[in-house]
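One structure is given below, encoded as structure tokens.
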Amino acid sequence: MKAYGIPRNLDAEFPDKGDIKLYGFSTTDRCSKADRGKNKARRLWKKIERTAAKAGIRKELETF
């Protein structure tokens, strides 16, 4: 299952530490430093996906 808003590319399929932080993926280690930006990253990707979805809906509505 693909996380909401995460692009489908090799970075997301085989993440390293930087990709985990960028996309807000969960990790097996529960280090507080690693978890600080996770929610922020998840909100960012969800916002990007919602904006794209709204633009698609507006485009379809304009064709009528």
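Scheme for the structure tokens: letters A, B, ... for chains in order shown; per-chain residue numbers from 1; ligand numbers from 1 in order shown.
Look at stretch 38-48 of chain A: the protein and nucleic acid residues within 9 Å of it, using only C-alpha atoms and passing over chain neighbours fewer than 5 places away, are Tyr4, Gly5, Ile6, Pro7, Ile20, Lys21, Leu22, Tyr23, Gly24, Phe25, Ser26 and Ala53 of chain A.
The coordinates place atom CA of A:Asp11 at 17.6 Å from atom CA of A:Glu49.
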